[in-house]
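Below: the structure, in structure tokens.
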Amino acid sequence: MTKLKVGDKAPEFKLHSTEKKEVSLTDFNGKPVVMLFFPLAFSGTCTAELCNVRDEISYYNNLGVDVVAISIDSVFTLAKFKEVENYNFTILSDFNKDVSEAYDVLYETFAFGMKGVSKRAVFVLDKNHQIQYIEEVANAGDMPDMAGLKNALTSI
């Protein structure tokens, strides 16, 4: 698999949301998108990252940017996670790991010997869904560079 890079067209996907609806990248045609891959619902850093986005959602909304968070957790787990944390953006289940594989952000082995968990990664797509920014966080316990993400958004 070829590693995605800035300038590439983002791979299309179809996943189920916490509302149990099928969502595809084409549903966001004509709008910039921030895609946040995260390892696991209810874990400390993942919760902190998504709460940061929740608390700053007006920033993304004011730029006309849709935020989509993706993990390999089930739709049911993610729905409870969204409810408990009051997330105000789309959360998608990549339970079969197809999208994480397509974006090349899948750990072979994660904590506790778990296999096939999404890495913490950020993709910023312009309105044509061309990749404008990529950050793959080396240590899953670290937060992404939110300033770098916001800087990327100001240039699209």
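How things are named: the first chain in the structure tokens is A, the next is B, and so on; residues count from 1 in each chain; ligands count from 1 in the order shown.
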>> as a list in words, please: the residues near Val6 (chain A) (cut-off 7 Å, only C-alpha atoms, same-chain neighbours under 2 positions excluded).
In response: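 The filter keeps Asp8, Ile131, Gln132, Tyr133 and Ile134 of chain A.
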Quick one: write out the picked residues with C-alpha atoms as a PDB file, in the first residue's frame?
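Output saved as selection-v6.pdb:
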ATOM      1  CA  ASP A   8      -3.479  13.034  -2.731  1.00  0.00           C
ATOM      2  CA  ILE A 131      -5.469  16.006   1.466  1.00  0.00           C
ATOM      3  CA  GLN A 132      -3.962  19.270   2.732  1.00  0.00           C
ATOM      4  CA  TYR A 133      -2.506  18.113   6.059  1.00  0.00           C
ATOM      5  CA  ILE A 134      -1.580  14.819   7.693  1.00  0.00           C
TER       6      ILE A 134
END
Would you list the contacts of Asp98 (chain A) as an mmCIF file with C-alpha atoms, in the first residue's frame, taking every protein, DNA or RNA residue within 12 Å and counting only C-alpha atoms, but skipping same-chain residues closer than 2 positions in sequence?
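Here's the written file result-v3.cif:
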data_model
loop_
_atom_site.group_PDB
_atom_site.id
_atom_site.type_symbol
_atom_site.label_atom_id
_atom_site.label_comp_id
_atom_site.auth_asym_id
_atom_site.auth_seq_id
_atom_site.Cartn_x
_atom_site.Cartn_y
_atom_site.Cartn_z
ATOM 1 C CA PRO A 11 -9.901 7.595 -0.285
ATOM 2 C CA GLU A 12 -13.685 7.288 -0.391
ATOM 3 C CA PHE A 13 -15.369 5.466 2.467
ATOM 4 C CA LYS A 14 -18.735 4.296 3.770
ATOM 5 C CA LEU A 15 -19.130 3.761 7.505
ATOM 6 C CA ILE A 70 -13.323 7.473 13.354
ATOM 7 C CA SER A 71 -12.352 4.468 15.458
ATOM 8 C CA ILE A 72 -12.606 0.693 15.255
ATOM 9 C CA SER A 93 -17.355 3.106 13.370
ATOM 10 C CA ASP A 94 -14.628 1.487 11.298
ATOM 11 C CA PHE A 95 -15.276 -1.848 12.975
ATOM 12 C CA ASN A 96 -14.050 -3.823 9.945
ATOM 13 C CA SER A 100 -8.117 2.764 8.755
ATOM 14 C CA GLU A 101 -6.325 0.424 6.341
ATOM 15 C CA ALA A 102 -7.078 2.653 3.332
ATOM 16 C CA TYR A 103 -5.644 5.659 5.180
ATOM 17 C CA ASP A 104 -2.750 3.500 6.449
ATOM 18 C CA VAL A 105 -3.372 4.360 10.107
ATOM 19 C CA LEU A 106 -3.766 0.946 11.682
ATOM 20 C CA GLY A 116 -5.812 -3.734 14.337
ATOM 21 C CA VAL A 117 -6.527 -0.591 16.343
ATOM 22 C CA SER A 118 -6.630 2.806 14.601
#
>> Residues within 9 Å of Phe76 (chain A), please, as a list of chain:residue names. Count only C-alpha atoms; anything in the same chain fewer than 2 positions from it doesn't count.
In response: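 The contact residues come out as A:Thr18, A:Lys20, A:Asp73, A:Ser74, A:Leu78, A:Ala79, A:Lys80, A:Phe81, A:Ser93.
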> With distances taken over only C-alpha atoms, which of A:Val75, A:Val84, A:Val67, A:Leu4 is nearest to Leu149 (chain A)?
Replying inline: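 Smallest distance to Leu149 (chain A) is found for A:Val67.
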Considering only C-alpha atoms, give me a table of residues in region 30-115 of chain A that are at most 9 Å from region 139-146 of chain A, with the closest atom pair and distance in Å for each, as a Markdown table.
| residue | atom | partner | partner_atom | distance |
| --- | --- | --- | --- | --- |
| A:Phe38 | CA | A:Ala140 | CA | 8.4 |
| A:Pro39 | CA | A:Ala140 | CA | 7.4 |
| A:Gly44 | CA | A:Gly141 | CA | 8.2 |
| A:Thr45 | CA | A:Gly141 | CA | 5.9 |
| A:Cys46 | CA | A:Met143 | CA | 8.2 |
| A:Ala48 | CA | A:Met143 | CA | 8.2 |
| A:Glu49 | CA | A:Met143 | CA | 6.4 |
Any chance you could export the current selection's N, CA and C atoms as a PDB file, in the first residue's frame?
ATOM      1  N   PHE A  38      -8.932   7.816  15.921  1.00  0.00           N
ATOM      2  CA  PHE A  38      -8.520   7.661  17.314  1.00  0.00           C
ATOM      3  C   PHE A  38      -8.601   6.191  17.703  1.00  0.00           C
ATOM      4  N   PRO A  39      -7.732   5.766  18.634  1.00  0.00           N
ATOM      5  CA  PRO A  39      -7.665   4.337  18.960  1.00  0.00           C
ATOM      6  C   PRO A  39      -8.931   3.757  19.575  1.00  0.00           C
ATOM      7  N   GLY A  44      -8.311   7.664  27.986  1.00  0.00           N
ATOM      8  CA  GLY A  44      -7.991   9.012  28.456  1.00  0.00           C
ATOM      9  C   GLY A  44      -7.657  10.015  27.375  1.00  0.00           C
ATOM     10  N   THR A  45      -6.672   9.714  26.549  1.00  0.00           N
ATOM     11  CA  THR A  45      -6.234  10.681  25.539  1.00  0.00           C
ATOM     12  C   THR A  45      -7.290  10.862  24.454  1.00  0.00           C
ATOM     13  N   CYS A  46      -7.959   9.787  24.085  1.00  0.00           N
ATOM     14  CA  CYS A  46      -9.012   9.896  23.062  1.00  0.00           C
ATOM     15  C   CYS A  46     -10.142  10.792  23.555  1.00  0.00           C
ATOM     16  N   ALA A  48      -9.917  13.152  25.849  1.00  0.00           N
ATOM     17  CA  ALA A  48      -9.406  14.520  25.925  1.00  0.00           C
ATOM     18  C   ALA A  48      -9.353  15.176  24.542  1.00  0.00           C
ATOM     19  N   GLU A  49      -8.898  14.427  23.544  1.00  0.00           N
ATOM     20  CA  GLU A  49      -8.809  14.966  22.183  1.00  0.00           C
ATOM     21  C   GLU A  49     -10.192  15.356  21.658  1.00  0.00           C
TER      22      GLU A  49
END
> So which residues touch Lys82 (chain A) within 10 Å, counting only C-alpha atoms, skipping near sequence neighbours fewer than 3 positions away, as a VMD selection string?
Replying inline: chain A and resid 18 41 to 42 47 50 76 to 79 85 to 91
Output C-alpha atoms for every residue in the selection just made, as a PDB file, in the first residue's frame.
ATOM      1  CA  THR A  18     -23.461   6.612  16.035  1.00  0.00           C
ATOM      2  CA  ALA A  41     -13.524   5.183  22.958  1.00  0.00           C
ATOM      3  CA  PHE A  42     -13.463   5.961  26.670  1.00  0.00           C
ATOM      4  CA  THR A  47     -11.583  11.441  25.369  1.00  0.00           C
ATOM      5  CA  LEU A  50     -12.468  14.712  21.235  1.00  0.00           C
ATOM      6  CA  PHE A  76     -22.972   0.848  19.988  1.00  0.00           C
ATOM      7  CA  THR A  77     -19.840   1.694  21.984  1.00  0.00           C
ATOM      8  CA  LEU A  78     -19.334   4.911  20.038  1.00  0.00           C
ATOM      9  CA  ALA A  79     -22.987   5.921  20.510  1.00  0.00           C
ATOM     10  CA  GLU A  85     -19.302  13.095  26.448  1.00  0.00           C
ATOM     11  CA  ASN A  86     -21.955  15.125  24.595  1.00  0.00           C
ATOM     12  CA  TYR A  87     -19.981  15.198  21.352  1.00  0.00           C
ATOM     13  CA  ASN A  88     -21.407  17.524  18.715  1.00  0.00           C
ATOM     14  CA  PHE A  89     -19.839  16.135  15.541  1.00  0.00           C
ATOM     15  CA  THR A  90     -20.000  12.950  13.488  1.00  0.00           C
ATOM     16  CA  ILE A  91     -18.451   9.806  14.948  1.00  0.00           C
TER      17      ILE A  91
END
> CA of Val124 (chain A) to CA of Val34 (chain A): how many Å, to one decimal?
Replying inline: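 Atom-to-atom, CA of Val124 (chain A) to CA of Val34 (chain A), that is 4.7 Å.
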> Which parts of chain A does DSSP call strand (DSSP E or B) when run on the backbone here, written out as an NGL selection string?
Replying inline: :A and (9 or 14-17 or 22-24 or 33-37 or 66-71 or 90-93 or 106-109 or 115-118 or 121-125 or 130-136)
> Any idea what the distance is between CA of Glu135 (chain A) and CA of Ala121 (chain A)?
Replying inline: 5.5 Å
> Between CA of Gly64 (chain A) and CA of Leu92 (chain A), what is the distance, to one decimal in Å?
Replying inline: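 Interatomic distance, CA of Gly64 (chain A) to CA of Leu92 (chain A): 19.7 Å.
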>> Quick one: residues within 10 Å of Tyr60 (chain A), only C-alpha atoms, excluding same-chain residues fewer than 5 positions away - as a PyMOL selection string?
In response: chain A and resi 32-34+53-54+65-67+150+153
Write to file, as an mmCIF file, in the first residue's frame, the residues of the selection just made, with C-alpha atoms.
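Result file follows (selection.cif):
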data_model
loop_
_atom_site.group_PDB
_atom_site.id
_atom_site.type_symbol
_atom_site.label_atom_id
_atom_site.label_comp_id
_atom_site.auth_asym_id
_atom_site.auth_seq_id
_atom_site.Cartn_x
_atom_site.Cartn_y
_atom_site.Cartn_z
ATOM 1 C CA PRO A 32 -13.630 20.811 3.894
ATOM 2 C CA VAL A 33 -13.362 17.930 6.337
ATOM 3 C CA VAL A 34 -11.208 17.194 9.365
ATOM 4 C CA VAL A 53 -12.869 19.417 19.485
ATOM 5 C CA ARG A 54 -16.322 19.425 21.119
ATOM 6 C CA VAL A 65 -15.503 22.584 8.167
ATOM 7 C CA ASP A 66 -17.108 19.255 9.031
ATOM 8 C CA VAL A 67 -15.403 17.172 11.712
ATOM 9 C CA LYS A 150 -5.859 24.885 12.848
ATOM 10 C CA LEU A 153 -7.409 24.952 8.085
#
> Which residues in chain A does DSSP call alpha helix (DSSP H)? List them as a PyMOL selection string.
Replying inline: chain A and resi 44-55+57-62+75-85+98-102+146-154
Any chance you could export the current selection's C-alpha atoms as an mmCIF file, in the first residue's frame?
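Dumped everything to selection26.cif:
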data_model
loop_
_atom_site.group_PDB
_atom_site.id
_atom_site.type_symbol
_atom_site.label_atom_id
_atom_site.label_comp_id
_atom_site.auth_asym_id
_atom_site.auth_seq_id
_atom_site.Cartn_x
_atom_site.Cartn_y
_atom_site.Cartn_z
ATOM 1 C CA GLY A 44 -7.991 9.012 28.456
ATOM 2 C CA THR A 45 -6.234 10.681 25.539
ATOM 3 C CA CYS A 46 -9.012 9.896 23.062
ATOM 4 C CA THR A 47 -11.583 11.441 25.369
ATOM 5 C CA ALA A 48 -9.406 14.520 25.925
ATOM 6 C CA GLU A 49 -8.809 14.966 22.183
ATOM 7 C CA LEU A 50 -12.468 14.712 21.235
ATOM 8 C CA CYS A 51 -13.569 16.893 24.173
ATOM 9 C CA ASN A 52 -11.163 19.554 22.891
ATOM 10 C CA VAL A 53 -12.869 19.417 19.485
ATOM 11 C CA ARG A 54 -16.322 19.425 21.119
ATOM 12 C CA ASP A 55 -15.446 22.512 23.147
ATOM 13 C CA ILE A 57 -16.717 23.147 17.538
ATOM 14 C CA SER A 58 -17.739 26.745 16.817
ATOM 15 C CA TYR A 59 -14.227 27.336 15.413
ATOM 16 C CA TYR A 60 -14.731 24.542 12.864
ATOM 17 C CA ASN A 61 -18.334 25.526 12.157
ATOM 18 C CA ASN A 62 -17.328 29.148 11.504
ATOM 19 C CA VAL A 75 -21.432 1.680 16.607
ATOM 20 C CA PHE A 76 -22.972 0.848 19.988
ATOM 21 C CA THR A 77 -19.840 1.694 21.984
ATOM 22 C CA LEU A 78 -19.334 4.911 20.038
ATOM 23 C CA ALA A 79 -22.987 5.921 20.510
ATOM 24 C CA LYS A 80 -22.599 5.590 24.285
ATOM 25 C CA PHE A 81 -19.271 7.474 24.132
ATOM 26 C CA LYS A 82 -20.928 10.295 22.184
ATOM 27 C CA GLU A 83 -23.851 10.419 24.620
ATOM 28 C CA VAL A 84 -21.692 10.420 27.757
ATOM 29 C CA GLU A 85 -19.302 13.095 26.448
ATOM 30 C CA ASP A 98 -11.292 -0.936 6.016
ATOM 31 C CA VAL A 99 -10.979 2.850 6.259
ATOM 32 C CA SER A 100 -8.117 2.764 8.755
ATOM 33 C CA GLU A 101 -6.325 0.424 6.341
ATOM 34 C CA ALA A 102 -7.078 2.653 3.332
ATOM 35 C CA MET A 146 -4.147 21.100 17.373
ATOM 36 C CA ALA A 147 -2.323 24.331 16.473
ATOM 37 C CA GLY A 148 -0.920 22.617 13.372
ATOM 38 C CA LEU A 149 -4.396 21.398 12.489
ATOM 39 C CA LYS A 150 -5.859 24.885 12.848
ATOM 40 C CA ASN A 151 -3.010 26.381 10.841
ATOM 41 C CA ALA A 152 -3.756 23.930 8.033
ATOM 42 C CA LEU A 153 -7.409 24.952 8.085
ATOM 43 C CA THR A 154 -6.583 28.634 7.633
#
>> Measuring between only C-alpha atoms, which one of A:Arg120, A:Lys97, A:Lys31, A:Lys115 shows the shortest distance to Ala69 (chain A)?
In response: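 That would be A:Arg120, the residue with the smallest distance to Ala69 (chain A).
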